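Reading through the structure tokens given below for one structure.
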Amino acid sequence: MKSTSLMSLLVLCSALILGAQALADADNTIMPKNEAPKKLATPPAKPAATKTVKAKPAKQKPTVVVFMGAPGSGKGTQAAMLSKKMGVPHISTGDLLRAEVAKGTALGKQAGAIMKKGELVPDEMVLTMLQKRASQRDCNKGYLIDGFPRTEAQAKMLDMWLKERTNMVVVNLDVKDNVIMERIAGRAKEAGDKKRADDNPESVKERLAQYHKNTQPLMATYEEQKRLINIDGSEDIDSIHKHIWEEVQKRQSAGAPAKKAG
Ligand code: ADP
């Protein structure tokens, strides 16, 4: 072998040795002396991608505010104001029924005659109508019901339907009968030709009688369930609204899922 070729071979060998040493240093592995680095049969497994499973925050139940009170106690007015404040729909069973009457549907024809006398429309009829409306998408985050329940059977249906799934709050507007009679007479006078078919003294008396017989007794159960908010409905409209809003907010935070410690 020529001396130049021998020199090149020596340079190549030392380069290989130095290179191996550099790799070992970089790897931070200690290569045993005189032992060739073992080839790995399979490349080292990549660390499994660890999925971070975020704990879902406990879902807050939607709030459903049920407005109760005698005819003319201001349920409709207050429910409309609260609906704006909370940004949830206001469902009035009386309005739903009057819409059916105006459209002249079979249900409207049947209900219209009953309503005119101030009597109560059959439970199933009202419930079906209410459930249909409350199942619409805009009710996902809660809603307000005005005019339901009015009988024990309706209250039971509502309980079965809502009690577990929602944070149900009941607002009772308390107004004396003589004030009611005056209010409705005033409302009818103002409306003139457009007055409601049931805003006449005979129907109002019947509506009040139905209220005392069928609806007022339901309040005891709601009181027991600690859902009842009693409000003096003879105050001015804005004060009543303020009281209702304050009380509903308290119930909403009481019904909210507990915050995690830390
Ligand atoms: P008000 O509370 O002044 O009587 P509504 O508009 O709530 O007025 O109801 C008008 C009428 O509609 C009632 O008198 C009744 O005939 C009928 N109605 C409304 N809601 C119900 C209900 N939940 N069950 C039976 N009838 C109802």
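Chain labels run A, B, ... following the order of the structure tokens; each chain numbers its residues from 1, and ligands are numbered from 1 in the order shown.
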Within 9 Å of ligand 1: each chain A residue with its shortest pair, only C-alpha atoms and all ligand atoms, as a tab-separated table:
```
residue	atom	partner	partner_atom_place_in_ligand_line	distance
A:Met68	CA	ligand 1	2 (O)	8.4
A:Gly69	CA	ligand 1	2 (O)	7.4
A:Ala70	CA	ligand 1	2 (O)	6.1
A:Pro71	CA	ligand 1	3 (O)	3.4
A:Gly72	CA	ligand 1	3 (O)	4.9
A:Ser73	CA	ligand 1	3 (O)	7.5
A:Gly74	CA	ligand 1	3 (O)	8.3
A:Lys75	CA	ligand 1	2 (O)	7.3
A:Gly76	CA	ligand 1	7 (O)	7.6
A:Ser92	CA	ligand 1	7 (O)	6.6
A:Thr93	CA	ligand 1	20 (N)	4.5
A:Gly94	CA	ligand 1	6 (O)	3.4
A:Asp95	CA	ligand 1	6 (O)	5.8
A:Leu96	CA	ligand 1	19 (C)	8.3
A:Leu97	CA	ligand 1	12 (O)	6.4
A:Arg98	CA	ligand 1	12 (O)	7.5
A:Ala111	CA	ligand 1	16 (O)	7.3
A:Gly112	CA	ligand 1	16 (O)	7.9
A:Ala113	CA	ligand 1	16 (O)	8.8
A:Ile114	CA	ligand 1	16 (O)	5.9
A:Met115	CA	ligand 1	16 (O)	3.6
A:Lys116	CA	ligand 1	16 (O)	7.1
A:Lys117	CA	ligand 1	16 (O)	7.5
A:Gly118	CA	ligand 1	14 (O)	4.6
A:Glu119	CA	ligand 1	16 (O)	4.8
A:Leu120	CA	ligand 1	26 (N)	3.9
A:Val121	CA	ligand 1	26 (N)	3.9
A:Pro122	CA	ligand 1	25 (C)	6.0
A:Asp123	CA	ligand 1	24 (N)	5.8
A:Glu124	CA	ligand 1	24 (N)	8.8
A:Met125	CA	ligand 1	25 (C)	8.3
A:Val126	CA	ligand 1	24 (N)	5.8
A:Leu127	CA	ligand 1	23 (N)	7.5
A:Leu130	CA	ligand 1	23 (N)	8.9
A:Asp146	CA	ligand 1	7 (O)	6.6
A:Gly147	CA	ligand 1	7 (O)	4.4
A:Phe148	CA	ligand 1	23 (N)	4.0
A:Pro149	CA	ligand 1	23 (N)	5.0
A:Arg150	CA	ligand 1	23 (N)	4.9
A:Thr151	CA	ligand 1	24 (N)	7.1
A:Gln154	CA	ligand 1	23 (N)	7.2
A:Ile184	CA	ligand 1	3 (O)	8.4
A:Asp198	CA	ligand 1	14 (O)	7.2
A:Asp199	CA	ligand 1	3 (O)	8.2
A:Ser203	CA	ligand 1	14 (O)	8.1
A:Val204	CA	ligand 1	4 (O)	7.7
A:Glu206	CA	ligand 1	14 (O)	8.4
A:Arg207	CA	ligand 1	14 (O)	5.6
A:Leu208	CA	ligand 1	4 (O)	8.0
A:Gln210	CA	ligand 1	14 (O)	8.4
A:Tyr211	CA	ligand 1	4 (O)	8.5
```
For this session: Taking the DSSP assignment computed from this structure's backbone, write out as a PyMOL selection string all residues of range 168-231 of chain A that belong to helix (DSSP H, G or I).
Result: chain A and resi 177-194+201-224
Neighbouring residues of Ile229 in chain A were defined as those with any atom within 12 Å, considering only C-alpha atoms; residues of the same chain fewer than 5 positions away were excluded. Please report them as a JSON list (two decimals) with N, CA and C atoms, in the first residue's frame.
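Done, and the output landed in around-v8.json:
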```
[["chain", "number", "residue", "atom", "x", "y", "z"],
["A", 65, "VAL", "N", -89.96, 30.26, 34.67],
["A", 65, "VAL", "CA", -90.72, 31.04, 35.66],
["A", 65, "VAL", "C", -92.20, 30.90, 35.32],
["A", 66, "VAL", "N", -92.95, 30.44, 36.31],
["A", 66, "VAL", "CA", -94.39, 30.23, 36.14],
["A", 66, "VAL", "C", -95.13, 31.38, 36.83],
["A", 67, "PHE", "N", -95.93, 32.13, 36.09],
["A", 67, "PHE", "CA", -96.68, 33.24, 36.67],
["A", 67, "PHE", "C", -98.07, 32.78, 37.05],
["A", 68, "MET", "N", -98.41, 33.01, 38.32],
["A", 68, "MET", "CA", -99.74, 32.65, 38.78],
["A", 68, "MET", "C", -100.39, 33.87, 39.40],
["A", 69, "GLY", "N", -101.69, 33.81, 39.55],
["A", 69, "GLY", "CA", -102.40, 34.95, 40.10],
["A", 69, "GLY", "C", -103.77, 35.02, 39.45],
["A", 168, "MET", "N", -87.46, 25.39, 38.30],
["A", 168, "MET", "CA", -88.80, 25.97, 38.16],
["A", 168, "MET", "C", -89.11, 26.91, 39.33],
["A", 169, "VAL", "N", -89.51, 28.11, 38.99],
["A", 169, "VAL", "CA", -89.81, 29.12, 39.99],
["A", 169, "VAL", "C", -91.25, 29.60, 39.76],
["A", 170, "VAL", "N", -92.00, 29.78, 40.83],
["A", 170, "VAL", "CA", -93.41, 30.20, 40.68],
["A", 170, "VAL", "C", -93.60, 31.59, 41.29],
["A", 171, "VAL", "N", -94.11, 32.50, 40.46],
["A", 171, "VAL", "CA", -94.38, 33.86, 40.95],
["A", 171, "VAL", "C", -95.89, 34.02, 41.11],
["A", 172, "ASN", "N", -96.30, 34.37, 42.33],
["A", 172, "ASN", "CA", -97.73, 34.60, 42.57],
["A", 172, "ASN", "C", -97.98, 36.09, 42.80],
["A", 173, "LEU", "N", -98.83, 36.66, 41.96],
["A", 173, "LEU", "CA", -99.16, 38.08, 42.11],
["A", 173, "LEU", "C", -100.45, 38.17, 42.91],
["A", 174, "ASP", "N", -100.32, 38.74, 44.09],
["A", 174, "ASP", "CA", -101.45, 38.79, 45.01],
["A", 174, "ASP", "C", -102.22, 40.11, 44.89],
["A", 219, "MET", "N", -101.04, 26.85, 45.30],
["A", 219, "MET", "CA", -99.93, 27.62, 45.86],
["A", 219, "MET", "C", -99.28, 26.92, 47.06],
["A", 220, "ALA", "N", -100.09, 26.20, 47.85],
["A", 220, "ALA", "CA", -99.57, 25.55, 49.05],
["A", 220, "ALA", "C", -98.46, 24.56, 48.69],
["A", 222, "TYR", "N", -96.51, 24.63, 46.03],
["A", 222, "TYR", "CA", -95.31, 25.35, 45.58],
["A", 222, "TYR", "C", -94.57, 25.99, 46.76],
["A", 223, "GLU", "N", -95.35, 26.38, 47.75],
["A", 223, "GLU", "CA", -94.74, 26.93, 48.97],
["A", 223, "GLU", "C", -93.91, 25.84, 49.65],
["A", 224, "GLU", "N", -94.52, 24.66, 49.77],
["A", 224, "GLU", "CA", -93.83, 23.51, 50.38],
["A", 224, "GLU", "C", -92.55, 23.17, 49.62],
["A", 240, "ILE", "N", -93.15, 46.24, 41.10],
["A", 240, "ILE", "CA", -93.44, 44.80, 41.07],
["A", 240, "ILE", "C", -92.37, 44.09, 40.23],
["A", 243, "HIS", "N", -89.13, 43.76, 42.14],
["A", 243, "HIS", "CA", -89.18, 42.70, 43.16],
["A", 243, "HIS", "C", -89.07, 41.32, 42.52],
["A", 244, "ILE", "N", -89.82, 41.13, 41.45],
["A", 244, "ILE", "CA", -89.81, 39.81, 40.80],
["A", 244, "ILE", "C", -88.40, 39.49, 40.32],
["A", 245, "TRP", "N", -87.78, 40.45, 39.66],
["A", 245, "TRP", "CA", -86.44, 40.24, 39.09],
["A", 245, "TRP", "C", -85.43, 39.91, 40.18],
["A", 246, "GLU", "N", -85.50, 40.63, 41.30],
["A", 246, "GLU", "CA", -84.58, 40.36, 42.41],
["A", 246, "GLU", "C", -84.76, 38.93, 42.92],
["A", 247, "GLU", "N", -86.02, 38.56, 43.12],
["A", 247, "GLU", "CA", -86.30, 37.22, 43.67],
["A", 247, "GLU", "C", -85.90, 36.11, 42.69],
["A", 248, "VAL", "N", -86.20, 36.33, 41.41],
["A", 248, "VAL", "CA", -85.86, 35.29, 40.42],
["A", 248, "VAL", "C", -84.34, 35.11, 40.35],
["A", 249, "GLN", "N", -83.61, 36.21, 40.43],
["A", 249, "GLN", "CA", -82.14, 36.11, 40.39],
["A", 249, "GLN", "C", -81.62, 35.28, 41.57],
["A", 250, "LYS", "N", -82.22, 35.51, 42.76],
["A", 250, "LYS", "CA", -81.79, 34.74, 43.94],
["A", 250, "LYS", "C", -82.00, 33.26, 43.69],
["A", 251, "ARG", "N", -83.18, 32.91, 43.14],
["A", 251, "ARG", "CA", -83.50, 31.49, 42.90],
["A", 251, "ARG", "C", -82.58, 30.91, 41.83]]
```
Exercise. As an MDAnalysis selection string, which residues of range 103-149 of chain A does DSSP assign to strand (DSSP E)?
Worked result: chainID A and resid 142:146
Exercise. For Met129 in chain A, which residue out of A:Leu107, A:Leu82, A:Ala254, A:Ala191 is the nearest one, using only C-alpha atoms?
Worked result: A:Leu107
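Ranking A:Asp193, A:Asp232, A:Asp238, A:Glu152 by their shortest atom-to-atom distance to Gln216 in chain A, with only C-alpha atoms included, puts A:Glu152 first.
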For this session: Compile the contact shell of Gly87 in chain A as a list in words: residues with an atom at most 10 Å away, counting only C-alpha atoms, same-chain residues fewer than 6 positions apart removed.
Result: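 That gives Met81, Asp138, Lys141, Gly142 and Tyr143 of chain A.
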For this session: Return the single residue from A:Lys59, A:Lys54, A:His212, A:Arg137 that is closest to Pro89 in chain A, with distances computed using only C-alpha atoms.
Result: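 For Pro89 in chain A, the nearest of the candidates is A:Arg137.
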Exercise. In Å, with one decimal, what is the gap from CA of Gly104 in chain A to CA of Ala185 in chain A?
Worked result: 27.1 Å
Problem set entry | Å distance separating CA of Gln60 in chain A from CA of Asn140 in chain A, one decimal place | 11.7 Å
